[in-house]
file work09.pdb (PDB, C-alpha atoms and all ligand atoms)
ATOM      1  CA  MET A  13     -10.166   5.908  22.429
ATOM      2  CA  ARG A  14      -7.887   8.573  21.000
ATOM      3  CA  LYS A  15      -4.331   9.270  22.054
ATOM      4  CA  ASP A  16      -3.592  12.953  22.647
ATOM      5  CA  ASP A  17      -0.138  13.107  21.089
ATOM      6  CA  CYS A  18      -0.931  10.874  18.090
ATOM      7  CA  ILE A  19      -0.927  12.582  14.688
ATOM      8  CA  PHE A  20      -2.962   9.818  13.022
ATOM      9  CA  CYS A  21      -5.645  10.118  15.748
ATOM     10  CA  LYS A  22      -5.901  13.804  14.862
ATOM     11  CA  ILE A  23      -5.967  13.163  11.104
ATOM     12  CA  ALA A  24      -8.413  10.251  11.354
ATOM     13  CA  ASN A  25     -10.809  12.336  13.418
ATOM     14  CA  GLY A  26     -10.535  15.412  11.178
ATOM     15  CA  GLU A  27      -8.636  17.678  13.597
ATOM     16  CA  ILE A  28      -5.762  17.926  11.102
ATOM     17  CA  PRO A  29      -6.748  18.242   7.430
ATOM     18  CA  SER A  30      -5.817  15.487   5.013
ATOM     19  CA  LYS A  31      -6.538  14.433   1.445
ATOM     20  CA  THR A  32      -9.377  12.101   2.376
ATOM     21  CA  ILE A  33     -10.535   9.657  -0.308
ATOM     22  CA  TYR A  34     -12.964   7.694   1.913
ATOM     23  CA  GLU A  35     -14.521   8.069   5.342
ATOM     24  CA  ASP A  36     -17.048   6.186   7.456
ATOM     25  CA  GLU A  37     -17.784   5.909  11.192
ATOM     26  CA  GLU A  38     -14.731   3.812  11.945
ATOM     27  CA  PHE A  39     -12.126   4.642   9.276
ATOM     28  CA  ARG A  40     -10.616   7.407   7.222
ATOM     29  CA  VAL A  41      -8.548   6.708   4.117
ATOM     30  CA  ILE A  42      -6.051   9.437   3.203
ATOM     31  CA  LEU A  43      -3.369  10.038   0.625
ATOM     32  CA  ASP A  44       0.129   9.442   2.015
ATOM     33  CA  LEU A  45       2.245  12.625   2.145
ATOM     34  CA  GLY A  46       5.344  10.687   1.058
ATOM     35  CA  PRO A  47       3.864   8.352  -1.538
ATOM     36  CA  ALA A  48       5.721   5.389  -3.015
ATOM     37  CA  THR A  49       3.591   5.778  -6.142
ATOM     38  CA  LYS A  50       0.686   7.885  -7.419
ATOM     39  CA  GLY A  51      -2.359   7.124  -5.254
ATOM     40  CA  HIS A  52      -0.487   5.627  -2.264
ATOM     41  CA  ALA A  53      -3.084   5.812   0.492
ATOM     42  CA  LEU A  54      -3.385   4.897   4.166
ATOM     43  CA  ILE A  55      -6.312   3.263   5.947
ATOM     44  CA  LEU A  56      -6.580   4.756   9.433
ATOM     45  CA  PRO A  57      -8.979   3.503  12.091
ATOM     46  CA  LYS A  58     -10.460   6.448  14.002
ATOM     47  CA  GLU A  59      -9.745   4.739  17.306
ATOM     48  CA  HIS A  60      -6.157   4.507  18.483
ATOM     49  CA  PHE A  61      -4.534   1.088  18.292
ATOM     50  CA  GLN A  62      -0.770   0.967  18.125
ATOM     51  CA  ASN A  63      -0.360  -2.048  15.863
ATOM     52  CA  ILE A  64      -1.678  -5.423  14.679
ATOM     53  CA  TYR A  65      -1.241  -6.850  18.187
ATOM     54  CA  GLU A  66      -3.571  -4.254  19.704
ATOM     55  CA  ILE A  67      -6.241  -3.928  17.039
ATOM     56  CA  PRO A  68      -9.441  -5.851  17.815
ATOM     57  CA  GLN A  69     -10.265  -8.729  15.500
ATOM     58  CA  GLU A  70     -13.456  -7.094  14.184
ATOM     59  CA  THR A  71     -11.619  -3.866  13.318
ATOM     60  CA  ALA A  72      -8.903  -5.855  11.568
ATOM     61  CA  ALA A  73     -11.512  -7.705   9.543
ATOM     62  CA  LYS A  74     -13.245  -4.469   8.548
ATOM     63  CA  ALA A  75      -9.902  -2.876   7.624
ATOM     64  CA  MET A  76      -9.135  -5.776   5.283
ATOM     65  CA  ILE A  77     -12.545  -5.562   3.619
ATOM     66  CA  LEU A  78     -12.013  -1.819   3.190
ATOM     67  CA  ALA A  79      -8.535  -2.495   1.761
ATOM     68  CA  LYS A  80     -10.078  -4.705  -0.904
ATOM     69  CA  LYS A  81     -12.666  -2.068  -1.809
ATOM     70  CA  MET A  82     -10.133   0.763  -1.920
ATOM     71  CA  ALA A  83      -7.584  -1.292  -3.892
ATOM     72  CA  THR A  84     -10.254  -2.017  -6.481
ATOM     73  CA  LEU A  85     -11.376   1.619  -6.661
ATOM     74  CA  ILE A  86      -7.844   3.069  -6.843
ATOM     75  CA  THR A  87      -6.776   0.514  -9.458
ATOM     76  CA  GLU A  88      -9.767   1.385 -11.647
ATOM     77  CA  LYS A  89      -9.556   5.154 -11.261
ATOM     78  CA  LEU A  90      -5.784   5.487 -11.627
ATOM     79  CA  HIS A  91      -5.324   2.632 -14.133
ATOM     80  CA  ALA A  92      -2.831   0.801 -11.928
ATOM     81  CA  ASP A  93      -1.275  -2.469 -13.122
ATOM     82  CA  GLY A  94      -1.015  -4.096  -9.690
ATOM     83  CA  PHE A  95      -1.162  -3.412  -5.989
ATOM     84  CA  ASN A  96       0.773  -3.836  -2.739
ATOM     85  CA  ILE A  97      -0.860  -3.816   0.677
ATOM     86  CA  VAL A  98       1.751  -3.190   3.364
ATOM     87  CA  GLN A  99       1.293  -3.006   7.113
ATOM     88  CA  ASN A 100       4.271  -2.347   9.413
ATOM     89  CA  ASN A 101       4.374  -3.212  13.123
ATOM     90  CA  ASN A 102       7.023  -1.837  15.476
ATOM     91  CA  GLU A 103      10.204   0.041  14.676
ATOM     92  CA  VAL A 104      12.157  -3.032  13.621
ATOM     93  CA  ALA A 105       9.576  -3.628  10.883
ATOM     94  CA  GLY A 106       9.673  -0.052   9.620
ATOM     95  CA  GLN A 107       6.735   1.420  11.538
ATOM     96  CA  THR A 108       7.279   5.160  12.010
ATOM     97  CA  VAL A 109       3.803   6.268  13.084
ATOM     98  CA  PHE A 110       2.575   4.192  15.999
ATOM     99  CA  HIS A 111      -1.123   4.208  15.151
ATOM    100  CA  PHE A 112      -2.221   1.124  13.182
ATOM    101  CA  HIS A 113      -2.457   1.799   9.456
ATOM    102  CA  MET A 114      -2.491  -0.117   6.203
ATOM    103  CA  HIS A 115      -0.590   1.141   3.174
ATOM    104  CA  LEU A 116      -2.455   0.873  -0.126
ATOM    105  CA  ILE A 117       0.162   1.145  -2.860
ATOM    106  CA  PRO A 118      -0.928   1.024  -6.485
ATOM    107  CA  ARG A 119       1.784  -0.263  -8.808
ATOM    108  CA  TYR A 120       2.490   0.779 -12.358
ATOM    109  CA  GLU A 121       4.679  -0.858 -14.977
ATOM    110  CA  GLY A 122       8.096   0.778 -14.731
ATOM    111  CA  ASP A 123       7.296   2.710 -11.525
ATOM    112  CA  GLY A 124      10.804   1.943 -10.250
ATOM    113  CA  GLN A 125       9.625   1.059  -6.749
ATOM    114  CA  ASN A 126      10.891  -2.007  -4.937
ATOM    115  CA  ILE A 127       8.824  -3.330  -2.022
ATOM    116  CA  ASN A 128      10.876  -6.399  -1.394
ATOM    117  CA  TRP A 129      13.133  -8.518   0.808
ATOM    118  CA  ILE A 130      16.236 -10.611   0.270
ATOM    119  CA  PRO A 131      15.058 -14.252   0.135
ATOM    120  CA  GLY A 132      16.812 -16.665   2.516
ATOM    121  CA  GLU A 133      17.779 -20.225   1.595
ATOM    122  CA  PRO A 134      16.657 -22.422   4.496
ATOM    123  CA  THR A 135      17.034 -26.199   4.390
ATOM    124  CA  GLN A 136      13.981 -28.434   4.724
ATOM    125  CA  GLU A 137      15.163 -29.263   8.278
ATOM    126  CA  GLU A 138      15.338 -25.591   9.214
ATOM    127  CA  LEU A 139      11.851 -25.002   7.830
ATOM    128  CA  GLU A 140      10.582 -28.061   9.741
ATOM    129  CA  LYS A 141      12.073 -26.691  12.983
ATOM    130  CA  ILE A 142      10.468 -23.284  12.466
ATOM    131  CA  LYS A 143       7.156 -24.941  11.643
ATOM    132  CA  ASP A 144       7.394 -26.814  14.948
ATOM    133  CA  GLU A 145       8.307 -23.625  16.875
ATOM    134  CA  ILE A 146       5.172 -21.935  15.567
ATOM    135  CA  THR A 147       2.711 -24.786  15.741
ATOM    136  CA  LYS A 148       3.735 -26.689  18.899
TER     137      LYS A 148
HETATM  138  P1  LIG A 201       4.896   3.549   8.542
HETATM  139  O1  LIG A 201       6.358   3.698   8.208
HETATM  140  O2  LIG A 201       4.307   2.254   8.134
HETATM  141  O3  LIG A 201       4.622   3.899   9.991
HETATM  142  O4  LIG A 201       4.172   4.611   7.633
HETATM  143  C1  LIG A 201       3.947   5.929   7.977
HETATM  144  C2  LIG A 201       3.497   6.623   6.714
HETATM  145  O5  LIG A 201       2.781   7.776   7.078
HETATM  146  C3  LIG A 201       4.623   7.072   5.784
HETATM  147  O6  LIG A 201       4.415   6.503   4.495
HETATM  148  C4  LIG A 201       4.499   8.584   5.763
HETATM  149  O7  LIG A 201       4.778   9.125   4.502
HETATM  150  C5  LIG A 201       3.060   8.792   6.149
HETATM  151  N1  LIG A 201       2.743  10.029   6.846
HETATM  152  C6  LIG A 201       3.362  10.531   7.937
HETATM  153  N2  LIG A 201       2.747  11.665   8.340
HETATM  154  C7  LIG A 201       1.712  11.861   7.479
HETATM  155  C8  LIG A 201       0.706  12.868   7.363
HETATM  156  N3  LIG A 201       0.645  13.888   8.211
HETATM  157  N4  LIG A 201      -0.206  12.741   6.372
HETATM  158  C9  LIG A 201      -0.134  11.701   5.496
HETATM  159  N5  LIG A 201       0.789  10.733   5.556
HETATM  160  C10 LIG A 201       1.704  10.816   6.528
HETATM  161 ZN    ZN A 202      -3.579   7.348  17.267
END

call {"tool": "encode", "arguments": {"input": "work09.pdb", "output": "C-alpha cells"}}
result
Amino acid sequence: MRKDDCIFCKIANGEIPSKTIYEDEEFRVILDLGPATKGHALILPKEHFQNIYEIPQETAAKAMILAKKMATLITEKLHADGFNIVQNNNEVAGQTVFHFHMHLIPRYEGDGQNINWIPGEPTQEELEKIKDEITK
C-alpha cells in the first residue's frame, strides 16, 4: 500500500525522480539529499510502513540483507573506511520522514561527522532492573 501524501512513497515508486543506486521489486535505494558524508544513501521499501513497529518481519529481513550488500558496494566503490547504518523511529528518535527507511552512511577518516550519544553510567543494580523490565 502507498500513502498519498508520503514523499518517500512517491520517490520509491518513481513518481518523483531521485538519484537511484539500486532498485528491485520491493526496494529503491537513493542518495540522500542532505548527506552526512559522500555516498549517504537511503533504503526505501516501495510499500508504505511508517516505522520499525509497522514493517513486516520479512521486509525487515530483506532490508537488512540489502543493507549489507549496499554497504559492501558503497564501501568498495567510494573507498570508505567504515560504515554506519542508522534507522530512526518516531520524532523523539529523530525521524523526520514517516516512511520506514535505513540510512547507509559511509565513513571516511577525518570526515568530521559524529553519529553518537552521550554514554550513561548506570550501576549494576540499575542495569539488572532494566534487564528485568525487558525480559519479565
Ligand atoms: P530521518 O531523519 O531518519 O527521517 O531521515 C530523513 C532523511 O531523508 C534525511 O537524511 C533527509 O536528508 C532525507 N531526505 C528528505 N527528503 C529527501 C528527498 N526528497 N530525497 C532524498 N533524501 C531526502
Ligand atoms: Zn510512504

call {"tool": "axis_aligned_box", "arguments": {"input": "work09.pdb", "around": "region 117-132 of chain A", "padding_each_side": "6 Å", "output": "AutoDock Vina command-line options"}}
result
--center_x 7.9 --center_y -7.0 --center_z -6.2 --size_x 29.7 --size_y 31.4 --size_z 29.5

call {"tool": "closest_residue", "arguments": {"input": "work09.pdb", "among": "A:Gly106, A:Gly94, A:Pro131, A:Pro57", "to": "Arg119 (chain A)", "atoms": "all atoms listed in the file"}}
result
A:Gly94

call {"tool": "closest_residue", "arguments": {"input": "work09.pdb", "among": "A:Phe112, A:Glu59, A:Ile23, A:Val41", "to": "Ala83 (chain A)", "atoms": "all atoms listed in the file"}}
result
A:Val41

call {"tool": "closest_residue", "arguments": {"input": "work09.pdb", "among": "A:Lys81, A:His60, A:His115, A:Lys148", "to": "Met13 (chain A)", "atoms": "only C-alpha atoms"}}
result
A:His60

call {"tool": "resolve_selection", "arguments": {"input": "work09.pdb", "expression": "the PyMOL selection byres (((chain A and resi 31) around 12) and not hetatm)", "output": "list in words"}}
result
Ile23, Ala24, Gly26, Ile28, Pro29, Ser30, Thr32, Ile33, Tyr34, Glu35, Arg40, Val41, Ile42, Leu43, Asp44, Leu45, Gly51, His52, Ala53 and Leu54 of chain A

call {"tool": "resolve_selection", "arguments": {"input": "work09.pdb", "expression": "the PyMOL selection byres (((chain A and resi 93) around 8) and not hetatm)", "output": "ChimeraX atom specification"}}
result
/A:87,91-92,94-95,118-121

call {"tool": "atom_distance", "arguments": {"input": "work09.pdb", "atom1": "atom N3 of ligand LIG 201 (chain A)", "atom2": "CA of Gln62 (chain A)"}}
result
16.3 Å

call {"tool": "atom_distance", "arguments": {"input": "work09.pdb", "atom1": "CA of Ala48 (chain A)", "atom2": "atom O6 of ligand LIG 201 (chain A)"}}
result
7.7 Å

call {"tool": "resolve_selection", "arguments": {"input": "work09.pdb", "expression": "the PyMOL selection byres (((not hetatm)) within 7 of (chain A and resi 202))", "output": "PyMOL selection string"}}
result
chain A and resi 14-15+18-21+59-61+111

call {"tool": "closest_residue", "arguments": {"input": "work09.pdb", "among": "A:Ile130, A:Ile97, A:Leu90, A:Met82", "to": "ligand LIG 201 (chain A)", "atoms": "all atoms listed in the file"}}
result
A:Ile97

call {"tool": "residues_around", "arguments": {"input": "work09.pdb", "residues": "Ala75 (chain A)", "least_positions_apart": "6", "cutoff": "9 Å", "atoms": "all atoms listed in the file", "output": "PyMOL selection string"}}
result
chain A and resi 39+55-57+113-114

call {"tool": "closest_residue", "arguments": {"input": "work09.pdb", "among": "A:Glu103, A:Asp16, A:Asp123, A:Asp36", "to": "ligand LIG 201 (chain A)", "atoms": "all atoms listed in the file"}}
result
A:Glu103

call {"tool": "atom_distance", "arguments": {"input": "work09.pdb", "atom1": "atom N1 of ligand LIG 201 (chain A)", "atom2": "CA of Gly46 (chain A)"}}
result
6.4 Å

call {"tool": "closest_residue", "arguments": {"input": "work09.pdb", "among": "A:Ala79, A:Ile146, A:Ala73, A:Ile64", "to": "ligand LIG 201 (chain A)", "atoms": "all atoms listed in the file"}}
result
A:Ile64

call {"tool": "build_atoms", "arguments": {"input": "work09.pdb", "residues": "region 110-124 of chain A", "atoms": "N, CA and C atoms", "output": "short mmCIF file (atom, residue, chain, number, x, y, z; two decimals), in the coordinates of the input"}}
result
data_model
loop_
_atom_site.label_atom_id
_atom_site.label_comp_id
_atom_site.auth_asym_id
_atom_site.auth_seq_id
_atom_site.Cartn_x
_atom_site.Cartn_y
_atom_site.Cartn_z
N PHE A 110 3.00 5.32 15.16
CA PHE A 110 2.58 4.19 16.00
C PHE A 110 1.08 4.22 16.29
N HIS A 111 0.34 4.33 15.19
CA HIS A 111 -1.12 4.21 15.15
C HIS A 111 -1.38 3.27 13.97
N PHE A 112 -2.02 2.14 14.23
CA PHE A 112 -2.22 1.12 13.18
C PHE A 112 -2.65 1.76 11.86
N HIS A 113 -2.03 1.36 10.79
CA HIS A 113 -2.46 1.80 9.46
C HIS A 113 -2.06 0.76 8.42
N MET A 114 -2.81 0.75 7.34
CA MET A 114 -2.49 -0.12 6.20
C MET A 114 -2.13 0.75 5.02
N HIS A 115 -1.00 0.43 4.39
CA HIS A 115 -0.59 1.14 3.17
C HIS A 115 -1.27 0.49 1.97
N LEU A 116 -1.88 1.33 1.14
CA LEU A 116 -2.46 0.87 -0.13
C LEU A 116 -1.59 1.48 -1.22
N ILE A 117 -0.84 0.64 -1.91
CA ILE A 117 0.16 1.14 -2.86
C ILE A 117 -0.12 0.62 -4.27
N PRO A 118 -0.72 1.46 -5.10
CA PRO A 118 -0.93 1.02 -6.48
C PRO A 118 0.40 0.91 -7.20
N ARG A 119 0.53 -0.05 -8.08
CA ARG A 119 1.78 -0.26 -8.81
C ARG A 119 1.56 -0.09 -10.30
N TYR A 120 2.55 0.47 -10.94
CA TYR A 120 2.49 0.78 -12.36
C TYR A 120 3.71 0.19 -13.03
N GLU A 121 3.54 -0.36 -14.21
CA GLU A 121 4.68 -0.86 -14.98
C GLU A 121 5.76 0.22 -15.01
N GLY A 122 6.97 -0.15 -14.65
CA GLY A 122 8.10 0.78 -14.73
C GLY A 122 8.09 1.86 -13.67
N ASP A 123 7.34 1.65 -12.56
CA ASP A 123 7.30 2.71 -11.52
C ASP A 123 8.60 2.82 -10.72
N GLY A 124 9.48 1.85 -10.87
CA GLY A 124 10.80 1.94 -10.25
C GLY A 124 10.81 1.68 -8.76
#
